[in-house]
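Structure file protein34.cif; described as mmCIF, N, CA and C atoms.
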```cif
data_upload
#
loop_
_atom_site.label_atom_id
_atom_site.label_comp_id
_atom_site.auth_asym_id
_atom_site.auth_seq_id
_atom_site.Cartn_x
_atom_site.Cartn_y
_atom_site.Cartn_z
N MET A 1 182.82 256.27 163.92
CA MET A 1 181.65 257.06 163.58
C MET A 1 180.43 256.49 164.30
N GLN A 2 179.64 257.37 164.79
CA GLN A 2 178.46 256.95 165.53
C GLN A 2 177.24 257.07 164.62
N GLU A 3 176.43 256.01 164.59
CA GLU A 3 175.24 256.02 163.73
C GLU A 3 174.08 256.66 164.46
N ARG A 4 173.30 257.44 163.73
CA ARG A 4 172.11 258.06 164.30
C ARG A 4 170.91 257.29 163.80
N LYS A 5 170.23 256.59 164.69
CA LYS A 5 169.10 255.76 164.28
C LYS A 5 167.82 256.57 164.15
N ASP A 6 167.58 257.51 165.01
CA ASP A 6 166.35 258.29 165.00
C ASP A 6 166.61 259.67 164.41
N VAL A 7 166.87 259.71 163.13
CA VAL A 7 167.10 260.99 162.48
C VAL A 7 165.78 261.74 162.35
N PHE A 8 164.73 261.02 161.95
CA PHE A 8 163.41 261.62 161.83
C PHE A 8 162.48 260.98 162.86
N ARG A 9 161.79 261.82 163.56
CA ARG A 9 160.86 261.34 164.58
C ARG A 9 159.45 261.41 164.02
N GLU A 10 158.71 260.32 164.16
CA GLU A 10 157.34 260.27 163.64
C GLU A 10 156.42 261.07 164.54
N VAL A 11 155.60 261.92 163.93
CA VAL A 11 154.68 262.76 164.70
C VAL A 11 153.26 262.44 164.25
N LEU A 12 152.42 262.02 165.19
CA LEU A 12 151.01 261.76 164.90
C LEU A 12 150.18 262.83 165.59
N PRO A 13 149.17 263.36 164.91
CA PRO A 13 148.35 264.40 165.53
C PRO A 13 147.49 263.83 166.66
N LYS A 14 147.32 264.62 167.70
CA LYS A 14 146.50 264.20 168.85
C LYS A 14 145.02 264.40 168.56
N GLN A 15 144.68 265.39 167.74
CA GLN A 15 143.29 265.61 167.39
C GLN A 15 143.22 265.99 165.91
N GLY A 16 142.07 265.84 165.33
CA GLY A 16 141.93 266.13 163.92
C GLY A 16 141.89 264.85 163.10
N GLN A 17 142.10 264.99 161.85
CA GLN A 17 141.98 263.85 160.95
C GLN A 17 143.34 263.53 160.34
N LEU A 18 143.67 262.28 160.29
CA LEU A 18 144.93 261.83 159.70
C LEU A 18 144.61 261.24 158.33
N SER A 19 145.25 261.74 157.32
CA SER A 19 145.00 261.21 155.98
C SER A 19 146.27 260.52 155.49
N VAL A 20 146.08 259.33 154.94
CA VAL A 20 147.20 258.56 154.42
C VAL A 20 146.93 258.27 152.95
N GLU A 21 147.88 258.59 152.13
CA GLU A 21 147.74 258.35 150.69
C GLU A 21 148.85 257.41 150.25
N ASP A 22 148.63 256.13 150.46
CA ASP A 22 149.63 255.14 150.09
C ASP A 22 149.21 254.34 148.86
N THR A 23 148.30 254.85 148.09
CA THR A 23 147.85 254.11 146.93
C THR A 23 148.85 254.30 145.80
N VAL A 24 149.63 253.27 145.56
CA VAL A 24 150.61 253.30 144.48
C VAL A 24 149.98 252.60 143.29
N SER A 25 149.95 253.28 142.18
CA SER A 25 149.36 252.67 141.00
C SER A 25 150.25 252.95 139.80
N MET A 26 150.08 252.12 138.80
CA MET A 26 150.86 252.26 137.58
C MET A 26 150.33 253.44 136.78
N VAL A 27 151.23 254.23 136.25
CA VAL A 27 150.85 255.34 135.40
C VAL A 27 151.29 254.99 134.00
N LEU A 28 150.33 254.85 133.11
CA LEU A 28 150.64 254.47 131.74
C LEU A 28 150.84 255.72 130.89
N CYS A 29 151.83 255.65 130.03
CA CYS A 29 152.07 256.78 129.13
C CYS A 29 152.05 256.25 127.69
N LYS A 30 152.01 257.17 126.76
CA LYS A 30 151.98 256.78 125.36
C LYS A 30 153.30 256.11 125.00
N PRO A 31 153.27 255.06 124.21
CA PRO A 31 154.53 254.41 123.82
C PRO A 31 155.35 255.32 122.91
N LYS A 32 156.62 255.25 123.08
CA LYS A 32 157.52 256.05 122.24
C LYS A 32 157.82 255.26 120.97
N VAL A 33 157.65 255.89 119.82
CA VAL A 33 157.92 255.24 118.56
C VAL A 33 159.35 255.61 118.17
N LEU A 34 160.21 254.61 118.13
CA LEU A 34 161.60 254.84 117.79
C LEU A 34 161.81 254.54 116.31
N PRO A 35 162.58 255.37 115.63
CA PRO A 35 162.83 255.09 114.21
C PRO A 35 163.72 253.87 114.06
N LEU A 36 163.50 253.12 112.98
CA LEU A 36 164.33 251.95 112.72
C LEU A 36 165.74 252.36 112.32
N LYS A 37 165.84 253.48 111.63
CA LYS A 37 167.16 254.01 111.25
C LYS A 37 167.27 255.42 111.81
N SER A 38 168.46 255.75 112.25
CA SER A 38 168.66 257.09 112.77
C SER A 38 168.77 258.09 111.61
N VAL A 39 168.59 259.33 111.93
CA VAL A 39 168.65 260.38 110.91
C VAL A 39 170.05 260.44 110.31
N THR A 40 171.07 260.27 111.15
CA THR A 40 172.45 260.31 110.67
C THR A 40 172.72 259.16 109.70
N LEU A 41 172.22 257.97 110.02
CA LEU A 41 172.41 256.82 109.14
C LEU A 41 171.72 257.05 107.80
N GLU A 42 170.53 257.64 107.82
CA GLU A 42 169.82 257.93 106.57
C GLU A 42 170.60 258.94 105.73
N LYS A 43 171.18 259.96 106.36
CA LYS A 43 171.98 260.94 105.62
C LYS A 43 173.21 260.28 105.00
N LEU A 44 173.88 259.41 105.76
CA LEU A 44 175.05 258.72 105.23
C LEU A 44 174.68 257.83 104.04
N GLU A 45 173.57 257.12 104.14
CA GLU A 45 173.14 256.27 103.03
C GLU A 45 172.80 257.10 101.80
N LYS A 46 172.19 258.25 102.00
CA LYS A 46 171.86 259.14 100.89
C LYS A 46 173.13 259.66 100.21
N LEU A 47 174.13 260.04 101.01
CA LEU A 47 175.40 260.49 100.44
C LEU A 47 176.09 259.36 99.69
N GLN A 48 176.03 258.14 100.21
CA GLN A 48 176.66 257.01 99.56
C GLN A 48 175.98 256.71 98.23
N ARG A 49 174.65 256.76 98.19
CA ARG A 49 173.93 256.55 96.93
C ARG A 49 174.29 257.62 95.91
N ALA A 50 174.39 258.88 96.37
CA ALA A 50 174.75 259.96 95.46
C ALA A 50 176.16 259.77 94.92
N ALA A 51 177.09 259.31 95.75
CA ALA A 51 178.46 259.09 95.30
C ALA A 51 178.52 257.94 94.29
N LEU A 52 177.73 256.88 94.52
CA LEU A 52 177.70 255.76 93.57
C LEU A 52 177.10 256.20 92.23
N GLU A 53 176.07 257.02 92.28
CA GLU A 53 175.46 257.53 91.04
C GLU A 53 176.45 258.41 90.28
N ALA A 54 177.22 259.21 90.99
CA ALA A 54 178.19 260.09 90.34
C ALA A 54 179.35 259.28 89.76
N ALA A 55 179.70 258.18 90.36
CA ALA A 55 180.82 257.36 89.89
C ALA A 55 180.41 256.45 88.74
N ARG A 56 179.12 256.19 88.59
CA ARG A 56 178.63 255.31 87.54
C ARG A 56 178.73 256.04 86.19
N PRO A 57 179.22 255.33 85.15
CA PRO A 57 179.29 256.01 83.83
C PRO A 57 177.88 256.24 83.29
N PRO A 58 177.71 257.26 82.49
CA PRO A 58 176.38 257.56 81.93
C PRO A 58 175.88 256.41 81.05
N GLU A 59 174.57 256.31 80.92
CA GLU A 59 173.95 255.25 80.11
C GLU A 59 174.31 255.44 78.64
N GLY A 60 174.50 254.34 77.93
CA GLY A 60 174.73 254.40 76.49
C GLY A 60 176.20 254.51 76.11
N THR A 61 177.10 254.72 77.04
CA THR A 61 178.52 254.78 76.68
C THR A 61 179.11 253.39 76.78
N PRO A 62 179.97 253.02 75.83
CA PRO A 62 180.56 251.69 75.88
C PRO A 62 181.55 251.58 77.05
N PRO A 63 181.66 250.41 77.63
CA PRO A 63 182.63 250.24 78.71
C PRO A 63 184.04 250.39 78.20
N PRO A 64 184.94 250.88 79.02
CA PRO A 64 186.34 251.08 78.56
C PRO A 64 186.99 249.73 78.25
N GLY A 65 187.73 249.70 77.14
CA GLY A 65 188.39 248.47 76.71
C GLY A 65 189.80 248.37 77.28
N PRO A 66 190.39 247.15 77.19
CA PRO A 66 191.75 246.97 77.73
C PRO A 66 192.81 247.57 76.90
#
```

Could you render the structure from this file as structure tokens?
Amino acid sequence: MQERKDVFREVLPKQGQLSVEDTVSMVLCKPKVLPLKSVTLEKLEKLQRAALEAARPPEGTPPPGP
């Protein structure tokens, strides 16, 4: 395979004005606030709490004996 070194040829104007915009600067954006817990994890925890509440015997009933 033959390599092509001059794929693009630089062209400078013979008359007129040449403008160069090489000023690279940092662009700051607002920080992203990430949740500590995902929505899915919160739903799972809510379901787990509901299941534990449903499995718990009602208040005031004596515990089952042997």

* Two-atom distance - atom N of Glu42 of chain A, atom CA of Pro57 of chain A (Å) ->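 Going from atom N of Glu42 of chain A over to atom CA of Pro57 of chain A covers 25.6 Å.
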
Starting from 4 Å padding per side, set up an axis-aligned box that covers all listed atoms of segment 32-45 of chain A and hand over centre and edge lengths in Å, one decimal, as JSON.
```
{"center_x": 165.8, "center_y": 256.4, "center_z": 112.4, "size_x": 26.4, "size_y": 17.0, "size_z": 29.3}
```

* To do: Using DSSP on the backbone coordinates, identify the residues of chain A assigned to alpha helix (DSSP H); present them as an MDAnalysis selection string.
  => chainID A and resid 39:55

* **Interatomic distance (Å, one decimal) between atom C of Arg49 of chain A and atom N of Lys37 of chain A** =>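 Atom N of Lys37 of chain A lies 18.3 Å from atom C of Arg49 of chain A.
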
* Asked: Which value, in Å to one decimal, gives the distance between atom CA of Leu36 of chain A and atom CA of Leu52 of chain A?
  ->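 It comes out at 23.7 Å.
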